[in-house]
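Engineer: Contents of query-v2.cif (mmCIF, C-alpha atoms) are given next:
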```
data_start
#
loop_
_atom_site.group_PDB
_atom_site.id
_atom_site.type_symbol
_atom_site.label_atom_id
_atom_site.label_comp_id
_atom_site.auth_asym_id
_atom_site.auth_seq_id
_atom_site.Cartn_x
_atom_site.Cartn_y
_atom_site.Cartn_z
ATOM 1 C CA MET A 884 12.549 -39.961 -12.019
ATOM 2 C CA TYR A 885 9.128 -38.407 -12.379
ATOM 3 C CA SER A 886 6.148 -40.509 -13.395
ATOM 4 C CA LEU A 887 4.254 -39.676 -16.576
ATOM 5 C CA GLU A 888 1.299 -38.320 -14.568
ATOM 6 C CA HIS A 889 3.557 -36.096 -12.494
ATOM 7 C CA LYS A 890 5.241 -34.730 -15.637
ATOM 8 C CA LYS A 891 1.820 -33.918 -17.093
ATOM 9 C CA TYR A 892 0.872 -32.195 -13.840
ATOM 10 C CA LEU A 893 4.034 -30.036 -13.903
ATOM 11 C CA SER A 894 3.467 -29.279 -17.581
ATOM 12 C CA ASN A 895 -0.087 -28.099 -16.854
ATOM 13 C CA ILE A 896 1.181 -25.825 -14.075
ATOM 14 C CA LYS A 897 3.687 -24.232 -16.475
ATOM 15 C CA LYS A 898 1.005 -23.815 -19.148
ATOM 16 C CA ARG A 899 -1.323 -22.102 -16.656
ATOM 17 C CA LYS A 900 1.494 -19.805 -15.583
ATOM 18 C CA TYR A 901 2.267 -18.827 -19.196
ATOM 19 C CA ILE A 902 -1.424 -18.337 -19.993
ATOM 20 C CA THR A 903 -1.864 -16.164 -16.882
ATOM 21 C CA ARG A 904 1.147 -13.994 -17.760
ATOM 22 C CA GLY A 905 0.012 -13.758 -21.370
ATOM 23 C CA LEU A 906 -3.486 -12.630 -20.390
ATOM 24 C CA GLN A 907 -2.068 -10.071 -17.940
ATOM 25 C CA ILE A 908 0.127 -8.585 -20.679
ATOM 26 C CA LEU A 909 -2.740 -8.711 -23.168
ATOM 27 C CA ILE A 910 -5.064 -6.824 -20.795
ATOM 28 C CA LEU A 911 -2.412 -4.160 -20.190
ATOM 29 C CA VAL A 912 -1.654 -3.712 -23.893
ATOM 30 C CA GLY A 913 -5.369 -3.669 -24.730
ATOM 31 C CA PHE A 914 -6.067 -1.054 -22.058
ATOM 32 C CA ILE A 915 -3.276 1.214 -23.352
ATOM 33 C CA ALA A 916 -4.412 0.762 -26.951
ATOM 34 C CA ILE A 917 -8.054 1.580 -26.152
ATOM 35 C CA TRP A 918 -6.945 4.562 -24.066
ATOM 36 C CA GLN A 919 -4.921 5.939 -26.989
ATOM 37 C CA ILE A 920 -7.714 5.321 -29.502
ATOM 38 C CA LEU A 921 -10.242 7.128 -27.303
ATOM 39 C CA ALA A 922 -7.794 10.028 -26.918
ATOM 40 C CA ASP A 923 -7.114 10.243 -30.674
ATOM 41 C CA LYS A 924 -10.818 10.279 -31.471
ATOM 42 C CA GLU A 925 -11.389 12.897 -28.716
ATOM 43 C CA ILE A 926 -13.920 10.671 -26.983
ATOM 44 C CA ILE A 927 -12.159 11.365 -23.687
ATOM 45 C CA ASN A 928 -10.764 14.672 -22.469
ATOM 46 C CA THR A 929 -6.974 14.348 -22.717
ATOM 47 C CA PHE A 930 -6.546 17.409 -20.500
ATOM 48 C CA ILE A 931 -7.938 15.329 -17.634
ATOM 49 C CA SER A 932 -6.955 11.764 -18.572
ATOM 50 C CA SER A 933 -3.918 12.507 -20.795
ATOM 51 C CA SER A 934 -2.879 9.753 -23.231
ATOM 52 C CA PRO A 935 -0.087 7.184 -23.585
ATOM 53 C CA LYS A 936 1.629 9.248 -26.300
ATOM 54 C CA LYS A 937 1.615 12.388 -24.159
ATOM 55 C CA ILE A 938 2.950 10.456 -21.176
ATOM 56 C CA ILE A 939 5.819 9.024 -23.236
ATOM 57 C CA THR A 940 6.568 12.482 -24.673
ATOM 58 C CA THR A 941 6.651 13.993 -21.175
ATOM 59 C CA ILE A 942 8.977 11.245 -19.925
ATOM 60 C CA ILE A 943 11.357 11.877 -22.844
ATOM 61 C CA GLU A 944 11.324 15.649 -22.215
ATOM 62 C CA LEU A 945 12.013 15.177 -18.505
ATOM 63 C CA HIS A 946 14.853 12.809 -19.351
ATOM 64 C CA LYS A 947 16.402 15.314 -21.751
ATOM 65 C CA GLY A 948 16.064 18.050 -19.126
ATOM 66 C CA ASN A 949 17.740 15.838 -16.469
ATOM 67 C CA ASN A 950 14.646 16.128 -14.240
ATOM 68 C CA LEU A 951 13.112 12.672 -14.645
ATOM 69 C CA TYR A 952 15.339 10.724 -12.284
ATOM 70 C CA HIS A 953 15.321 13.468 -9.683
ATOM 71 C CA HIS A 954 11.506 13.375 -9.522
ATOM 72 C CA ILE A 955 11.522 9.552 -9.430
ATOM 73 C CA TRP A 956 14.033 9.542 -6.582
ATOM 74 C CA VAL A 957 12.100 12.122 -4.520
ATOM 75 C CA THR A 958 8.829 10.210 -4.907
ATOM 76 C CA PHE A 959 10.543 6.882 -4.173
ATOM 77 C CA TYR A 960 12.283 8.309 -1.095
ATOM 78 C CA GLU A 961 9.101 9.844 0.336
ATOM 79 C CA THR A 962 7.056 6.712 -0.382
ATOM 80 C CA ILE A 963 9.577 4.323 1.190
ATOM 81 C CA ILE A 964 9.887 6.439 4.349
ATOM 82 C CA SER A 965 6.098 6.691 4.670
ATOM 83 C CA PHE A 966 5.641 2.991 3.969
ATOM 84 C CA SER A 967 8.301 1.919 6.475
ATOM 85 C CA ILE A 968 7.095 4.147 9.288
ATOM 86 C CA GLY A 969 3.426 3.407 8.582
ATOM 87 C CA THR A 970 3.894 -0.363 8.542
ATOM 88 C CA PHE A 971 6.051 -0.337 11.670
ATOM 89 C CA LEU A 972 3.721 1.970 13.618
ATOM 90 C CA GLY A 973 0.622 0.100 12.460
ATOM 91 C CA CYS A 974 1.982 -3.288 13.559
ATOM 92 C CA LEU A 975 3.362 -1.850 16.815
ATOM 93 C CA ILE A 976 0.052 -0.236 17.790
ATOM 94 C CA ALA A 977 -1.832 -3.380 16.730
ATOM 95 C CA THR A 978 0.434 -5.376 19.041
ATOM 96 C CA ILE A 979 -0.292 -2.995 21.922
ATOM 97 C CA LEU A 980 -4.036 -3.258 21.296
ATOM 98 C CA TRP A 981 -3.881 -7.063 21.224
ATOM 99 C CA TRP A 982 -1.752 -7.075 24.362
ATOM 100 C CA ASN A 983 -4.173 -4.855 26.253
ATOM 101 C CA PRO A 984 -7.838 -5.591 25.333
ATOM 102 C CA PHE A 985 -9.031 -2.753 27.594
ATOM 103 C CA ILE A 986 -7.134 -0.122 25.572
ATOM 104 C CA SER A 987 -8.365 -1.804 22.387
ATOM 105 C CA LYS A 988 -12.025 -1.453 23.456
ATOM 106 C CA VAL A 989 -11.502 2.182 24.471
ATOM 107 C CA LEU A 990 -9.859 3.153 21.157
ATOM 108 C CA ASP A 991 -12.011 1.020 18.849
ATOM 109 C CA PRO A 992 -14.695 3.674 18.060
ATOM 110 C CA TYR A 993 -12.034 6.332 17.487
ATOM 111 C CA LEU A 994 -10.129 4.111 15.071
ATOM 112 C CA THR A 995 -13.377 3.444 13.212
ATOM 113 C CA VAL A 996 -14.105 7.171 12.923
ATOM 114 C CA LEU A 997 -10.547 7.967 11.794
ATOM 115 C CA ASN A 998 -10.730 5.223 9.192
ATOM 116 C CA SER A 999 -13.976 6.638 7.790
ATOM 117 C CA LEU A 1000 -12.578 10.160 7.399
ATOM 118 C CA PRO A 1001 -11.903 11.335 3.814
ATOM 119 C CA LYS A 1002 -8.151 11.475 4.442
ATOM 120 C CA VAL A 1003 -7.169 12.566 0.949
ATOM 121 C CA SER A 1004 -9.310 15.693 1.271
ATOM 122 C CA LEU A 1005 -7.327 16.678 4.374
ATOM 123 C CA GLY A 1006 -4.229 17.306 2.252
ATOM 124 C CA PRO A 1007 -4.422 21.129 2.297
ATOM 125 C CA ILE A 1008 -4.967 21.169 6.079
ATOM 126 C CA ILE A 1009 -1.974 18.897 6.659
ATOM 127 C CA ILE A 1010 0.171 21.138 4.453
ATOM 128 C CA ILE A 1011 -0.885 24.150 6.551
ATOM 129 C CA TRP A 1012 -0.092 22.303 9.790
ATOM 130 C CA ALA A 1013 3.215 20.714 8.759
ATOM 131 C CA GLY A 1014 4.360 23.141 6.060
ATOM 132 C CA ALA A 1015 4.870 22.589 2.345
ATOM 133 C CA GLY A 1016 7.838 20.261 2.784
ATOM 134 C CA ILE A 1017 8.603 16.588 3.077
ATOM 135 C CA LYS A 1018 7.020 16.480 6.547
ATOM 136 C CA SER A 1019 3.545 17.115 5.175
ATOM 137 C CA ILE A 1020 3.984 14.471 2.469
ATOM 138 C CA ILE A 1021 5.124 11.812 4.942
ATOM 139 C CA LEU A 1022 2.410 12.798 7.435
ATOM 140 C CA MET A 1023 -0.285 12.525 4.784
ATOM 141 C CA ALA A 1024 0.914 9.116 3.628
ATOM 142 C CA LEU A 1025 1.122 7.921 7.233
ATOM 143 C CA PHE A 1026 -2.370 9.172 7.996
ATOM 144 C CA ILE A 1027 -3.730 7.206 5.042
ATOM 145 C CA SER A 1028 -1.917 3.919 5.691
ATOM 146 C CA VAL A 1029 -1.423 3.552 9.434
ATOM 147 C CA ILE A 1030 -5.098 3.455 10.511
ATOM 148 C CA ILE A 1031 -6.089 0.704 8.105
ATOM 149 C CA THR A 1032 -2.991 -1.274 9.127
ATOM 150 C CA ILE A 1033 -3.896 -1.010 12.806
ATOM 151 C CA ILE A 1034 -7.470 -2.150 12.194
ATOM 152 C CA ASN A 1035 -6.622 -5.079 9.889
ATOM 153 C CA VAL A 1036 -3.666 -6.413 11.869
ATOM 154 C CA THR A 1037 -5.441 -6.049 15.229
ATOM 155 C CA GLN A 1038 -8.489 -7.895 13.895
ATOM 156 C CA SER A 1039 -6.248 -10.636 12.532
ATOM 157 C CA PHE A 1040 -4.416 -10.960 15.872
ATOM 158 C CA ASN A 1041 -7.741 -11.259 17.704
ATOM 159 C CA ASP A 1042 -8.997 -13.898 15.242
ATOM 160 C CA THR A 1043 -6.096 -16.262 15.927
ATOM 161 C CA ASP A 1044 -7.296 -19.755 16.817
ATOM 162 C CA SER A 1045 -8.444 -19.522 20.449
ATOM 163 C CA ASN A 1046 -7.951 -23.249 20.977
ATOM 164 C CA LYS A 1047 -4.250 -22.924 20.217
ATOM 165 C CA ILE A 1048 -3.998 -19.995 22.652
ATOM 166 C CA LYS A 1049 -5.736 -22.056 25.365
ATOM 167 C CA LEU A 1050 -3.392 -24.950 24.662
ATOM 168 C CA MET A 1051 -0.335 -22.731 25.120
ATOM 169 C CA LYS A 1052 -1.792 -21.272 28.314
ATOM 170 C CA SER A 1053 -2.340 -24.793 29.630
ATOM 171 C CA PHE A 1054 1.419 -25.316 29.247
ATOM 172 C CA GLN A 1055 2.030 -22.150 31.305
ATOM 173 C CA ALA A 1056 3.162 -20.083 28.293
ATOM 174 C CA THR A 1057 3.639 -16.384 28.997
ATOM 175 C CA LYS A 1058 1.877 -13.716 26.967
ATOM 176 C CA SER A 1059 5.094 -12.829 25.169
ATOM 177 C CA GLN A 1060 5.636 -16.498 24.276
ATOM 178 C CA ILE A 1061 2.079 -16.725 22.945
ATOM 179 C CA PHE A 1062 2.628 -13.610 20.881
ATOM 180 C CA PHE A 1063 6.003 -14.502 19.377
ATOM 181 C CA LYS A 1064 5.419 -18.244 19.025
ATOM 182 C CA LEU A 1065 1.780 -18.229 17.888
ATOM 183 C CA ILE A 1066 0.233 -14.837 17.083
ATOM 184 C CA LEU A 1067 3.008 -13.477 14.861
ATOM 185 C CA PRO A 1068 3.679 -16.694 12.887
ATOM 186 C CA SER A 1069 -0.054 -17.290 12.405
ATOM 187 C CA ASN A 1070 -0.585 -13.794 11.008
ATOM 188 C CA LYS A 1071 2.497 -13.289 8.853
ATOM 189 C CA ASN A 1072 0.355 -13.439 5.694
ATOM 190 C CA THR A 1073 -1.904 -10.698 7.056
ATOM 191 C CA ILE A 1074 1.111 -8.508 7.861
ATOM 192 C CA VAL A 1075 2.489 -9.065 4.348
ATOM 193 C CA SER A 1076 -0.923 -8.180 2.868
ATOM 194 C CA ALA A 1077 -1.050 -5.036 5.019
ATOM 195 C CA ALA A 1078 2.416 -4.094 3.751
ATOM 196 C CA LYS A 1079 1.240 -4.536 0.140
ATOM 197 C CA ILE A 1080 -1.713 -2.232 0.793
ATOM 198 C CA ASN A 1081 0.534 0.249 2.596
ATOM 199 C CA ILE A 1082 2.910 0.682 -0.315
ATOM 200 C CA SER A 1083 0.024 1.713 -2.591
ATOM 201 C CA MET A 1084 -1.590 3.878 0.093
ATOM 202 C CA SER A 1085 1.750 5.597 0.756
ATOM 203 C CA MET A 1086 2.122 6.267 -2.966
ATOM 204 C CA ILE A 1087 -1.388 7.760 -3.108
ATOM 205 C CA GLY A 1088 -0.708 9.983 -0.099
ATOM 206 C CA THR A 1089 2.650 11.099 -1.492
ATOM 207 C CA LYS A 1090 1.351 11.970 -4.963
ATOM 208 C CA HIS A 1091 -1.786 13.668 -3.630
ATOM 209 C CA THR A 1092 0.167 15.890 -1.240
ATOM 210 C CA GLN A 1093 2.641 16.773 -3.992
ATOM 211 C CA GLY A 1094 -0.325 17.790 -6.157
ATOM 212 C CA GLU A 1095 -1.788 19.938 -3.382
ATOM 213 C CA LYS A 1096 1.594 21.607 -2.885
ATOM 214 C CA ARG A 1097 1.718 22.507 -6.585
ATOM 215 C CA LYS A 1098 -1.794 23.969 -6.403
ATOM 216 C CA ILE A 1099 -0.882 26.107 -3.399
ATOM 217 C CA TYR A 1100 2.319 27.242 -5.136
ATOM 218 C CA LYS A 1101 0.358 28.284 -8.241
ATOM 219 C CA ILE A 1102 -2.226 30.172 -6.160
ATOM 220 C CA ARG A 1103 0.498 32.055 -4.307
ATOM 221 C CA HIS A 1104 2.207 33.093 -7.537
ATOM 222 C CA CYS A 1105 -0.890 34.067 -9.498
#
```
Using the file provided, produce a representation of the structure as structure tokens.
Structural biologist:
Amino acid sequence: MYSLEHKKYLSNIKKRKYITRGLQILILVGFIAIWQILADKEIINTFISSSPKKIITTIIELHKGNNLYHHIWVTFYETIISFSIGTFLGCLIATILWWNPFISKVLDPYLTVLNSLPKVSLGPIIIIWAGAGIKSIILMALFISVIITIINVTQSFNDTDSNKIKLMKSFQATKSQIFFKLILPSNKNTIVSAAKINISMSMIGTKHTQGEKRKIYKIRHC
């Protein structure tokens, strides 16, 4: 049986959860409502920002034309492939850099420069290099997500408690044991956070490259 104080504590947690969800929904509904009002009053340019009504109308038209789910599947497929490869490569390279500090020091300035590049603006160049197919879309999404994953995960690996590492070394632990028993478990939250960022970055890269492909297609057929 729970005590009265514990029941009050659990009740407060539930109330906070409901209030949080309610405010999240309220903010979303308010944003959509304001967006539509601004569009109706022509305060914003709907050609650039569209409007909720136009978006719903477009979704209905695509559904009636049997194109909606095809486009959703293509975007989902490209995003998942980019996300999976980007996360895996980012964590793998971060592991290599942690394992070999010399390589990490050599590559550090190059990773910093690559991270500072305006990657989204490189879309047309990537399309020219890789062609106007799925390769260019995946490559663009990878280019956006993998560098930031390498930097964040490597930094997190290097920031692992040095006292714990020294303790394991004092017990004659091998480097692989230190990595799998300490480094990875200690940084699982960082890896999960990197994966969350990657899914959005992969989506941005996918949609941007698709947009660039449409622009190139229009230019060619003008």
Engineer: Could you pull the residues within 10 Å of Phe1026 in chain A, counting only C-alpha atoms, minus those fewer than 2 positions along the same chain, as a PyMOL selection string?
Structural biologist: chain A and resi 965+969+997-998+1002-1003+1005+1009+1020-1024+1028-1031+1084-1085+1088
Engineer: Quote the spacing between CA of Ser1059 in chain A and CA of Ile979 in chain A in Å to one decimal place.
Structural biologist: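 Calculated distance between CA of Ser1059 in chain A and CA of Ile979 in chain A is 11.7 Å.
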Engineer: Calculate how many Å separate CA of Ile1061 in chain A from CA of Asp1042 in chain A, rounding to one decimal.
Structural biologist: 13.8 Å
Engineer: Could you check which of A:Ser1083, A:Leu906, A:Ile896, A:Leu1025 is closest to Ile968 in chain A, using only C-alpha atoms?
Structural biologist: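 Ranking A:Ser1083, A:Leu906, A:Ile896, A:Leu1025 by distance to Ile968 in chain A, first place goes to A:Leu1025.
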Engineer: Using all atoms listed in the file, which of A:Cys974, A:Ile915, A:Ile920, A:Ile1034 sits nearest Val996 in chain A?
Structural biologist: A:Ile1034
Engineer: Could you spell out the hits of the PyMOL selection byres ((chain A and resi 1043) around 12) on the shown file, as a list of chain:residue names?
Structural biologist: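 Evaluating the PyMOL selection byres ((chain A and resi 1043) around 12) on these coordinates yields A:Trp981, A:Val1036, A:Thr1037, A:Gln1038, A:Ser1039, A:Phe1040, A:Asn1041, A:Asp1042, A:Asp1044, A:Ser1045, A:Asn1046, A:Lys1047, A:Ile1048, A:Lys1049, A:Ile1061, A:Phe1062, A:Leu1065, A:Ile1066, A:Leu1067, A:Pro1068, A:Ser1069, A:Asn1070, A:Lys1071, A:Thr1073.
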Engineer: Assuming 3 Å of padding per side, give the centre and edge lengths of the axis-aligned box around every listed atom of range 947-960 of chain A, in Å to one decimal and as JSON.
Structural biologist:
```
{"center_x": 13.3, "center_y": 12.5, "center_z": -11.4, "size_x": 14.9, "size_y": 17.2, "size_z": 26.7}
```
Engineer: What is the distance between CA of Trp918 in chain A and CA of Ile931 in chain A, in Å to one decimal?
Structural biologist: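 Going from CA of Trp918 in chain A over to CA of Ile931 in chain A, I get 12.6 Å.
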Engineer: Which residues fall under the PyMOL selection byres ((chain A and resi 1077) around 9) in this file, as a ChimeraX atom specification?
Structural biologist: /A:970,1031-1032,1035-1036,1072-1076,1078-1082
Engineer: In file coordinates, which residues lie within 10 Å of (-0.6, 9.8, -30.4) using all atoms listed in the file, given as a count of residues only?
Structural biologist: 11
Engineer: Return the single residue from A:Phe959, A:Phe966, A:Tyr952, A:Phe1063 that is closest to Ile1027 in chain A, with distances computed using only C-alpha atoms.
Structural biologist: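 Once distances to Ile1027 in chain A are computed over only C-alpha atoms, the minimum belongs to A:Phe966.
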Engineer: Considering all atoms listed in the file, can you say which of A:Leu994, A:Ile902, A:Leu911, A:Ala1056 comes closest to Gly973 in chain A?
Structural biologist: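 Looking only at the distances to Gly973 in chain A, the closest residue turns out to be A:Leu994.
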